[in-house]
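See below for model_8.csv, which holds CSV, C-alpha atoms and all ligand atoms.
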```csv
chain,number,residue,atom,x,y,z
A,21,MET,CA,10.2,14.5,28.0
A,22,SER,CA,9.8,11.6,25.6
A,23,HIS,CA,9.9,12.5,21.9
A,24,THR,CA,7.9,10.5,19.3
A,25,ILE,CA,9.7,9.7,16.0
A,26,ILE,CA,7.9,11.3,13.1
A,27,ALA,CA,8.3,9.5,9.8
A,28,PRO,CA,6.8,11.3,6.7
A,29,SER,CA,5.7,8.8,4.1
A,30,ILE,CA,7.3,9.6,0.7
A,31,LEU,CA,4.4,7.8,-1.0
A,32,ALA,CA,2.4,11.1,-0.7
A,33,ALA,CA,5.3,13.3,-2.0
A,34,ASP,CA,5.2,14.9,-5.4
A,35,PHE,CA,7.4,12.5,-7.4
A,36,ALA,CA,8.0,15.3,-10.0
A,37,ASN,CA,9.5,17.3,-7.2
A,38,LEU,CA,11.1,14.6,-5.1
A,39,GLN,CA,14.3,16.4,-4.3
A,40,ARG,CA,12.3,19.4,-3.1
A,41,ASP,CA,10.2,17.2,-0.8
A,42,ILE,CA,13.2,15.3,0.5
A,43,GLU,CA,14.9,18.6,1.4
A,44,MET,CA,11.7,19.7,3.1
A,45,VAL,CA,11.9,16.6,5.3
A,46,ASN,CA,15.7,17.1,5.9
A,47,ASN,CA,15.1,20.6,7.1
A,48,SER,CA,12.0,19.7,9.2
A,49,GLU,CA,11.7,18.3,12.7
A,50,ALA,CA,10.9,14.9,11.1
A,51,ASP,CA,13.2,12.0,12.2
A,52,TRP,CA,12.9,9.3,9.5
A,53,PHE,CA,11.9,8.9,5.9
A,54,HIS,CA,9.2,6.2,5.5
A,55,LEU,CA,9.5,4.4,2.1
A,56,ASP,CA,6.6,2.2,1.0
A,57,VAL,CA,7.5,-0.5,-1.5
A,58,MET,CA,4.5,-2.3,-3.1
A,59,ASP,CA,4.7,-5.2,-5.5
A,60,GLY,CA,1.1,-5.3,-6.9
A,61,VAL,CA,0.8,-8.9,-5.5
A,62,PHE,CA,0.9,-8.6,-1.7
A,63,VAL,CA,-1.1,-5.4,-2.0
A,64,PRO,CA,-3.3,-4.2,-4.9
A,65,ASN,CA,-1.0,-1.4,-5.9
A,66,ILE,CA,2.6,-0.8,-7.2
A,67,SER,CA,4.6,2.1,-5.8
A,68,PHE,CA,8.3,2.5,-6.4
A,69,GLY,CA,11.5,0.4,-6.3
A,70,MET,CA,15.2,0.4,-6.3
A,71,PRO,CA,16.1,3.2,-8.7
A,72,VAL,CA,13.8,5.7,-6.9
A,73,ILE,CA,15.1,4.6,-3.5
A,74,LYS,CA,18.6,5.1,-4.7
A,75,SER,CA,17.8,8.7,-5.7
A,76,ILE,CA,16.1,9.3,-2.4
A,77,ALA,CA,19.0,7.9,-0.5
A,78,ALA,CA,21.4,10.2,-2.3
A,79,HIS,CA,19.6,13.3,-0.8
A,80,ALA,CA,18.1,12.0,2.4
A,81,LYS,CA,20.0,13.1,5.6
A,82,LYS,CA,17.8,11.1,8.0
A,83,PRO,CA,17.4,7.3,8.5
A,84,LEU,CA,15.5,5.3,5.8
A,85,ASP,CA,12.6,3.3,7.2
A,86,VAL,CA,11.6,0.9,4.4
A,87,HIS,CA,8.2,-0.8,4.6
A,88,LEU,CA,8.1,-3.8,2.2
A,89,MET,CA,4.6,-4.7,1.1
A,90,ILE,CA,5.9,-7.6,-1.1
A,91,ILE,CA,5.7,-11.3,-1.2
A,92,ASP,CA,8.9,-13.3,-0.5
A,93,PRO,CA,10.9,-10.4,0.8
A,94,ASP,CA,14.0,-12.5,1.6
A,95,ARG,CA,15.0,-12.2,-2.0
A,96,TYR,CA,15.6,-8.4,-1.6
A,97,ILE,CA,17.1,-8.0,1.9
A,98,LYS,CA,20.7,-7.5,0.6
A,99,ALA,CA,19.5,-5.1,-2.1
A,100,PHE,CA,17.8,-2.8,0.4
A,101,ALA,CA,20.8,-2.9,2.7
A,102,ASP,CA,23.0,-1.9,-0.2
A,103,LEU,CA,20.6,1.0,-1.0
A,104,GLY,CA,21.1,2.3,2.6
A,105,ALA,CA,18.0,1.2,4.4
A,106,ASN,CA,18.3,1.6,8.2
A,107,VAL,CA,15.1,-0.2,9.2
A,108,LEU,CA,13.6,-2.9,7.0
A,109,SER,CA,10.1,-4.1,7.7
A,110,VAL,CA,8.5,-7.2,6.2
A,111,HIS,CA,4.9,-8.2,6.5
A,112,PHE,CA,4.0,-10.9,9.0
A,113,GLU,CA,1.4,-12.2,6.5
A,114,ALA,CA,4.1,-12.5,3.8
A,115,CYS,CA,6.7,-14.5,5.7
A,116,THR,CA,6.6,-18.3,6.2
A,117,HIS,CA,9.9,-18.3,8.2
A,118,LEU,CA,9.7,-14.9,9.9
A,119,HIS,CA,12.4,-15.7,12.4
A,120,ARG,CA,14.9,-16.6,9.7
A,121,THR,CA,13.9,-13.4,7.7
A,122,LEU,CA,14.5,-11.2,10.7
A,123,GLN,CA,17.9,-12.7,11.3
A,124,GLY,CA,18.7,-12.1,7.6
A,125,ILE,CA,17.8,-8.4,8.0
A,126,LYS,CA,20.0,-8.0,11.1
A,127,ALA,CA,22.9,-9.9,9.5
A,128,GLU,CA,22.9,-7.1,6.8
A,129,GLY,CA,23.2,-4.5,9.6
A,130,MET,CA,19.7,-3.2,9.5
A,131,GLN,CA,17.0,-3.0,12.2
A,132,ALA,CA,14.4,-5.7,11.7
A,133,GLY,CA,10.8,-4.6,11.5
A,134,VAL,CA,7.5,-6.6,11.2
A,135,ALA,CA,4.4,-5.0,9.7
A,136,ILE,CA,1.0,-6.4,10.7
A,137,ASN,CA,-2.3,-5.9,8.8
A,138,PRO,CA,-5.3,-4.6,10.7
A,139,HIS,CA,-6.7,-8.1,11.0
A,140,THR,CA,-3.6,-9.7,12.5
A,141,ASN,CA,-3.7,-10.2,16.2
A,142,VAL,CA,-0.7,-8.8,18.1
A,143,SER,CA,-0.6,-12.0,20.2
A,144,LEU,CA,0.9,-13.7,17.2
A,145,LEU,CA,4.1,-11.8,17.8
A,146,GLU,CA,4.5,-13.0,21.3
A,147,ASP,CA,7.1,-15.7,20.6
A,148,ILE,CA,9.2,-13.5,18.5
A,149,ILE,CA,8.9,-10.1,20.1
A,150,ASN,CA,12.5,-10.1,21.4
A,151,ASP,CA,13.8,-10.5,17.9
A,152,ILE,CA,11.8,-7.5,16.5
A,153,ASP,CA,13.2,-4.0,16.6
A,154,LEU,CA,10.1,-2.4,15.3
A,155,VAL,CA,6.4,-3.4,14.8
A,156,CYS,CA,4.8,-1.4,12.0
A,157,MET,CA,1.2,-1.6,13.0
A,158,MET,CA,-1.1,-0.9,10.0
A,159,SER,CA,-3.9,1.4,10.9
A,160,VAL,CA,-5.3,1.1,7.4
A,161,ASN,CA,-5.3,-1.8,4.9
A,162,PRO,CA,-1.9,-1.5,3.2
A,163,GLY,CA,-1.7,-0.5,-0.4
A,164,PHE,CA,-2.8,3.1,-0.5
A,165,GLY,CA,-2.2,6.5,1.2
A,166,GLY,CA,-5.0,8.8,2.2
A,167,GLN,CA,-7.3,6.2,3.9
A,168,SER,CA,-9.2,6.6,7.1
A,169,PHE,CA,-7.7,5.5,10.4
A,170,ILE,CA,-9.1,2.3,11.9
A,171,GLU,CA,-10.1,3.0,15.5
A,172,ASN,CA,-9.4,-0.6,16.7
A,173,THR,CA,-5.7,0.3,16.5
A,174,TYR,CA,-5.7,2.0,19.9
A,175,LYS,CA,-6.6,-1.3,21.6
A,176,LYS,CA,-4.0,-3.2,19.6
A,177,VAL,CA,-1.2,-0.7,20.6
A,178,LYS,CA,-2.1,-1.2,24.3
A,179,GLN,CA,-2.0,-5.0,23.9
A,180,LEU,CA,1.3,-4.9,22.1
A,181,ARG,CA,2.8,-2.5,24.6
A,182,LYS,CA,1.9,-5.1,27.3
A,183,ILE,CA,3.6,-7.9,25.4
A,184,ILE,CA,6.7,-5.9,24.9
A,185,GLU,CA,7.0,-5.0,28.6
A,186,ALA,CA,6.1,-8.5,29.8
A,187,ASN,CA,9.1,-9.8,27.7
A,188,GLY,CA,11.5,-7.1,28.5
A,189,ALA,CA,11.8,-6.3,24.8
A,190,LYS,CA,13.0,-3.0,23.3
A,191,THR,CA,10.7,-3.2,20.3
A,192,LYS,CA,9.4,0.1,19.0
A,193,ILE,CA,5.7,0.5,18.0
A,194,GLU,CA,5.1,2.3,14.7
A,195,ILE,CA,1.7,3.4,13.5
A,196,ASP,CA,1.1,3.5,9.7
A,197,GLY,CA,-2.0,4.8,8.0
A,198,GLY,CA,-4.4,7.7,8.5
A,199,VAL,CA,-2.3,9.4,11.2
A,200,THR,CA,-3.2,13.1,11.8
A,201,ASN,CA,-3.1,15.5,14.7
A,202,LYS,CA,-6.5,14.2,15.7
A,203,ASN,CA,-5.2,10.7,16.7
A,204,ALA,CA,-1.4,11.3,17.3
A,205,LYS,CA,-1.6,12.1,21.0
A,206,GLN,CA,-4.0,9.2,21.7
A,207,LEU,CA,-1.7,6.8,19.9
A,208,VAL,CA,1.4,7.9,21.8
A,209,ASP,CA,-0.6,7.7,25.1
A,210,ALA,CA,-1.5,4.1,24.1
A,211,GLY,CA,2.2,3.3,23.6
A,212,ALA,CA,3.3,4.2,20.1
A,213,ASP,CA,6.9,5.4,19.5
A,214,VAL,CA,6.8,6.2,15.8
A,215,LEU,CA,4.1,7.9,13.7
A,216,VAL,CA,4.1,7.6,9.9
A,217,ALA,CA,2.2,10.3,8.1
A,218,GLY,CA,1.8,10.6,4.4
A,219,SER,CA,-1.1,12.6,3.0
A,220,TYR,CA,-1.5,14.6,6.3
A,221,VAL,CA,2.0,16.0,5.8
A,222,PHE,CA,2.4,16.3,2.1
A,223,GLY,CA,-1.2,17.4,1.5
A,224,ALA,CA,-0.9,20.2,3.9
A,225,SER,CA,-0.4,23.8,2.8
A,226,ASN,CA,2.6,24.0,5.1
A,227,PRO,CA,4.2,20.5,5.5
A,228,THR,CA,7.1,21.7,7.6
A,229,GLN,CA,4.7,23.3,10.1
A,230,THR,CA,2.5,20.2,10.0
A,231,ILE,CA,5.5,18.0,11.0
A,232,LYS,CA,6.3,20.5,13.8
A,233,ASP,CA,2.8,20.3,15.1
A,234,LEU,CA,2.7,16.5,15.0
A,235,LYS,CA,6.0,16.4,16.9
A,236,LYS,CA,4.7,18.8,19.5
A,237,ASN,CA,1.4,17.1,20.0
A,238,SER,CA,2.9,13.7,20.3
A,239,THR,CA,5.6,14.7,22.9
A,240,ILE,CA,5.0,13.1,26.3
A,241,VAL,CA,6.0,15.3,29.2
A,242,LEU,CA,7.1,12.9,31.9
A,301,LIG,C1,0.0,2.4,3.1
A,301,LIG,C2,1.4,2.8,3.5
A,301,LIG,C3,1.5,4.0,4.3
A,301,LIG,C4,0.9,5.2,3.6
A,301,LIG,C5,0.4,6.1,4.7
A,301,LIG,O1,0.0,1.1,2.6
A,301,LIG,O2,2.1,1.8,4.2
A,301,LIG,O3,2.8,4.3,4.7
A,301,LIG,O4,1.9,6.0,2.9
A,301,LIG,O5,-0.3,7.2,4.1
A,301,LIG,P1,-1.3,8.1,4.9
A,301,LIG,O6,-0.6,8.7,6.0
A,301,LIG,O7,-1.8,9.0,3.8
A,301,LIG,O8,-2.4,7.2,5.4
A,302,ZN,ZN,4.0,2.3,5.1
```
Using structure tokens, write down the structure from this file.
Amino acid sequence: MSHTIIAPSILAADFANLQRDIEMVNNSEADWFHLDVMDGVFVPNISFGMPVIKSIAAHAKKPLDVHLMIIDPDRYIKAFADLGANVLSVHFEACTHLHRTLQGIKAEGMQAGVAINPHTNVSLLEDIINDIDLVCMMSVNPGFGGQSFIENTYKKVKQLRKIIEANGAKTKIEIDGGVTNKNAKQLVDAGADVLVAGSYVFGASNPTQTIKDLKKNSTIVL
């Protein structure tokens, strides 16, 4: 059996009840916390920053998967390492010297992730795939939760899986945006390893059960 990593996105949590929602994830079958950092420049929205992540880290008992939607992310690599990030993803479209940025993330002891926008072709990652621990494939345009899943993503996952295998890389594929139980299985069948889900989890009447169902439906029986 191959288990898919489920990463609830805290962007959709109730920020007035953040500790309650963090404990829900701690006590659920979820594997990671997905934290979306937006700067209002790279994306047309601002989310949360260091003080909020510090509070989350104090209660979270599972790895922190931080998704930076910011320009010039090199400036903050050390700060996120100090906050306790385990995986740090930067956007392909925001990095001029991506190879250097990834080395910088690893030098701080974190796993290095690269997020790609829906328009970015996966072939652009070919020459750097062995340096990437995780590709965060956006299945919506980054900036907001609660958007509809872009169907072209399935094709991209399959293409990326081929590139990973052809290069003998260990890169994980994460899908971010519009994930529900309607597309989870198909995404995993196409080659996804990690599913991020925000509004589908936190908007549910029973988030714990929703996580359990996502986990169950995305398990591959080998
Ligand atoms: C969007 C963020 C996502 C978002 C996903 O820019 O990167 O992580 O929280 O939210 P849903 O699951 O509601 O699409
Ligand atoms: Zn995200």
Could you list, as a compact mmCIF listing (two decimals) with C-alpha atoms, in the frame of the given file, all residues that come within 10 Å of ligand LIG 301 (chain A)? Count all atoms listed in the file.
```txt
# COMPACT_ATOMS: atom_id res chain seq x y z
CA ALA A 27 8.30 9.50 9.80
CA PRO A 28 6.80 11.30 6.70
CA SER A 29 5.70 8.80 4.10
CA ILE A 30 7.30 9.60 0.70
CA LEU A 31 4.40 7.80 -1.00
CA ALA A 32 2.40 11.10 -0.70
CA ALA A 33 5.30 13.30 -2.00
CA HIS A 54 9.20 6.20 5.50
CA LEU A 55 9.50 4.40 2.10
CA ASP A 56 6.60 2.20 1.00
CA VAL A 57 7.50 -0.50 -1.50
CA MET A 58 4.50 -2.30 -3.10
CA VAL A 63 -1.10 -5.40 -2.00
CA PRO A 64 -3.30 -4.20 -4.90
CA ASN A 65 -1.00 -1.40 -5.90
CA SER A 67 4.60 2.10 -5.80
CA VAL A 86 11.60 0.90 4.40
CA HIS A 87 8.20 -0.80 4.60
CA LEU A 88 8.10 -3.80 2.20
CA MET A 89 4.60 -4.70 1.10
CA ALA A 135 4.40 -5.00 9.70
CA ASN A 137 -2.30 -5.90 8.80
CA CYS A 156 4.80 -1.40 12.00
CA MET A 157 1.20 -1.60 13.00
CA MET A 158 -1.10 -0.90 10.00
CA SER A 159 -3.90 1.40 10.90
CA VAL A 160 -5.30 1.10 7.40
CA ASN A 161 -5.30 -1.80 4.90
CA PRO A 162 -1.90 -1.50 3.20
CA GLY A 163 -1.70 -0.50 -0.40
CA PHE A 164 -2.80 3.10 -0.50
CA GLY A 165 -2.20 6.50 1.20
CA GLY A 166 -5.00 8.80 2.20
CA GLN A 167 -7.30 6.20 3.90
CA SER A 168 -9.20 6.60 7.10
CA PHE A 169 -7.70 5.50 10.40
CA ILE A 195 1.70 3.40 13.50
CA ASP A 196 1.10 3.50 9.70
CA GLY A 197 -2.00 4.80 8.00
CA GLY A 198 -4.40 7.70 8.50
CA VAL A 199 -2.30 9.40 11.20
CA THR A 200 -3.20 13.10 11.80
CA LEU A 215 4.10 7.90 13.70
CA VAL A 216 4.10 7.60 9.90
CA ALA A 217 2.20 10.30 8.10
CA GLY A 218 1.80 10.60 4.40
CA SER A 219 -1.10 12.60 3.00
CA TYR A 220 -1.50 14.60 6.30
CA VAL A 221 2.00 16.00 5.80
CA PHE A 222 2.40 16.30 2.10
CA GLY A 223 -1.20 17.40 1.50
```
Given all atoms listed in the file as the counted atoms, nearest of A:Asn150, A:Ser109, A:Asn141, A:Thr116 to ligand ZN 302 (chain A) |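 Closest candidate: A:Ser109.
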Between A:Gly104, A:Gly211, A:Gly124, A:Gly133, which has the minimum distance to ligand ZN 302 (chain A) (counting all atoms listed in the file)?
->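 Counting all atoms listed in the file, the residue closest to ligand ZN 302 (chain A) is A:Gly133.
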Using CA of Asn106 in chain A and CA of Asp59 in chain A as the two end points, give the distance in Å to one decimal.
->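 Separating CA of Asn106 in chain A from CA of Asp59 in chain A is a distance of 20.5 Å.
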Polymer residues at most 7 Å from Thr24 in chain A, all atoms listed in the file, same-chain spacing of 6 or more positions, as number ranges by chain = A: 213-214, 235, 238-239
Start from the incomplete input, build N, CA and C atoms for range 81-96 of chain A, and deliver everything as a compact mmCIF listing (two decimals), keeping the file's coordinate frame.
```txt
# COMPACT_ATOMS: atom_id res chain seq x y z
N LYS A 81 18.97 12.93 4.50
CA LYS A 81 20.00 13.10 5.60
C LYS A 81 19.46 12.46 6.89
N LYS A 82 18.39 11.70 6.81
CA LYS A 82 17.80 11.10 8.00
C LYS A 82 17.61 9.57 7.67
N PRO A 83 17.47 8.74 8.71
CA PRO A 83 17.40 7.30 8.50
C PRO A 83 16.22 6.90 7.52
N LEU A 84 16.46 5.86 6.76
CA LEU A 84 15.50 5.30 5.80
C LEU A 84 14.75 4.15 6.45
N ASP A 85 13.44 4.31 6.61
CA ASP A 85 12.60 3.30 7.20
C ASP A 85 11.79 2.68 6.05
N VAL A 86 12.21 1.49 5.62
CA VAL A 86 11.60 0.90 4.40
C VAL A 86 10.57 -0.14 4.79
N HIS A 87 9.37 0.04 4.28
CA HIS A 87 8.20 -0.80 4.60
C HIS A 87 7.92 -1.64 3.31
N LEU A 88 8.29 -2.92 3.37
CA LEU A 88 8.10 -3.80 2.20
C LEU A 88 6.69 -4.41 2.23
N MET A 89 5.90 -4.08 1.24
CA MET A 89 4.60 -4.70 1.10
C MET A 89 4.72 -5.63 -0.14
N ILE A 90 5.54 -6.68 0.04
CA ILE A 90 5.90 -7.60 -1.10
C ILE A 90 5.87 -9.02 -0.60
N ILE A 91 5.60 -9.93 -1.50
CA ILE A 91 5.70 -11.30 -1.20
C ILE A 91 7.21 -11.72 -1.21
N ASP A 92 7.56 -12.77 -0.51
CA ASP A 92 8.90 -13.30 -0.50
C ASP A 92 10.02 -12.26 -0.38
N PRO A 93 9.95 -11.47 0.70
CA PRO A 93 10.90 -10.40 0.80
C PRO A 93 12.36 -10.78 1.02
N ASP A 94 12.60 -12.04 1.40
CA ASP A 94 14.00 -12.50 1.60
C ASP A 94 14.86 -12.26 0.39
N ARG A 95 14.24 -12.33 -0.79
CA ARG A 95 15.00 -12.20 -2.00
C ARG A 95 15.69 -10.80 -2.14
N TYR A 96 15.15 -9.81 -1.41
CA TYR A 96 15.60 -8.40 -1.60
C TYR A 96 16.32 -7.82 -0.39
```
